[in-house]
Structure formats: C-alpha cells, structure tokens
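Colleague: Just dropping this structure here.
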Amino acid sequence: MSAFHTVEDAIAEGFRPIIVKEAVGDRVPGVVAWNLFDMDSKFGDVEPLENVIV
C-alpha cells in the first residue's frame, strides 16, 4: 500500500494525518517529491522527522 493510500484511509476515518517526509520512499525520486507535495497541499501535513519526534 502506498503512502498516498494510507493518507486517504486516515482522512476517511476522520484523522488529519502527519506524513513524515523521511519515511516516504519510492524507486523514482521525482514521484516521491510530487506525492509529498500533493499530500501536503490536499490531505495532511508533511513534516521532517525532527519536527515530529518529541
């Protein structure tokens, strides 16, 4: 399952997801950059790991 589908599932359950930038990967770097941009603008908050760990 892709990160994008996981974010969509979280939204469907009523959550506003936080996507850890360093935890998303793909074989094609441009795909990752585009999906992170898309998720950040529409579905959740893309944050670097250092902002998420308390």
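Ligands are numbered from 1 in the order shown, residues from 1 within each chain, and chains are lettered A, B, ... in the order they appear in the structure tokens.
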Set the distance at 12 Å and use only C-alpha atoms: which residues neighbour segment 6-8 of chain A once local chain neighbours fewer than 5 positions away are removed? I'd like the list as a list in words.

Modeller: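 That gives Met1, Glu13, Gly14, Phe15, Arg16, Pro17, Ile18, Ile19, Val20, Val24, Asn35, Leu36, Asp38, Met39, Asp40, Lys42, Phe43, Gly44, Asp45 and Val46 of chain A.
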
Colleague: What is the atom CA of Lys21 of chain A to atom CA of Phe4 of chain A distance in Å?

Modeller: 12.4 Å

Colleague: Using backbone DSSP assignments, extract all strand (DSSP E or B) residues from chain A; output them as a list in words.

Modeller: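 Taking chain A and keeping strand (DSSP E or B) only, one gets Ile18, Ile19, Val20, Asp45, Val46 and Glu47 of chain A.
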
Colleague: Write out, as a PDB file, in the first residue's frame, the residues just selected, with N, CA, C and O atoms.

Modeller:
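Just written: result39.pdb:
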```pdb
ATOM      1  N   ILE A  18      -0.249  13.315   9.753  1.00  0.00           N
ATOM      2  CA  ILE A  18       1.075  13.918   9.635  1.00  0.00           C
ATOM      3  C   ILE A  18       1.927  12.904   8.885  1.00  0.00           C
ATOM      4  O   ILE A  18       2.032  11.747   9.291  1.00  0.00           O
ATOM      5  N   ILE A  19       2.509  13.341   7.778  1.00  0.00           N
ATOM      6  CA  ILE A  19       3.338  12.466   6.964  1.00  0.00           C
ATOM      7  C   ILE A  19       4.795  12.825   7.223  1.00  0.00           C
ATOM      8  O   ILE A  19       5.209  13.963   7.001  1.00  0.00           O
ATOM      9  N   VAL A  20       5.567  11.871   7.723  1.00  0.00           N
ATOM     10  CA  VAL A  20       6.983  12.100   7.991  1.00  0.00           C
ATOM     11  C   VAL A  20       7.737  11.994   6.668  1.00  0.00           C
ATOM     12  O   VAL A  20       7.762  10.931   6.039  1.00  0.00           O
ATOM     13  N   ASP A  45      -0.317  16.998   6.681  1.00  0.00           N
ATOM     14  CA  ASP A  45       0.838  17.865   6.895  1.00  0.00           C
ATOM     15  C   ASP A  45       2.105  17.047   6.713  1.00  0.00           C
ATOM     16  O   ASP A  45       2.338  16.087   7.458  1.00  0.00           O
ATOM     17  N   VAL A  46       2.920  17.404   5.738  1.00  0.00           N
ATOM     18  CA  VAL A  46       4.211  16.756   5.535  1.00  0.00           C
ATOM     19  C   VAL A  46       5.225  17.506   6.386  1.00  0.00           C
ATOM     20  O   VAL A  46       5.382  18.712   6.268  1.00  0.00           O
ATOM     21  N   GLU A  47       5.883  16.769   7.281  1.00  0.00           N
ATOM     22  CA  GLU A  47       6.834  17.363   8.210  1.00  0.00           C
ATOM     23  C   GLU A  47       8.130  16.557   8.220  1.00  0.00           C
ATOM     24  O   GLU A  47       8.093  15.332   8.074  1.00  0.00           O
TER      25      GLU A  47
END
```

Colleague: Mind giving me the straight-line distance from atom CA of Glu50 of chain A to atom CA of Asp9 of chain A in Å, one decimal?

Modeller: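 Those two atoms sit 24.7 Å apart.
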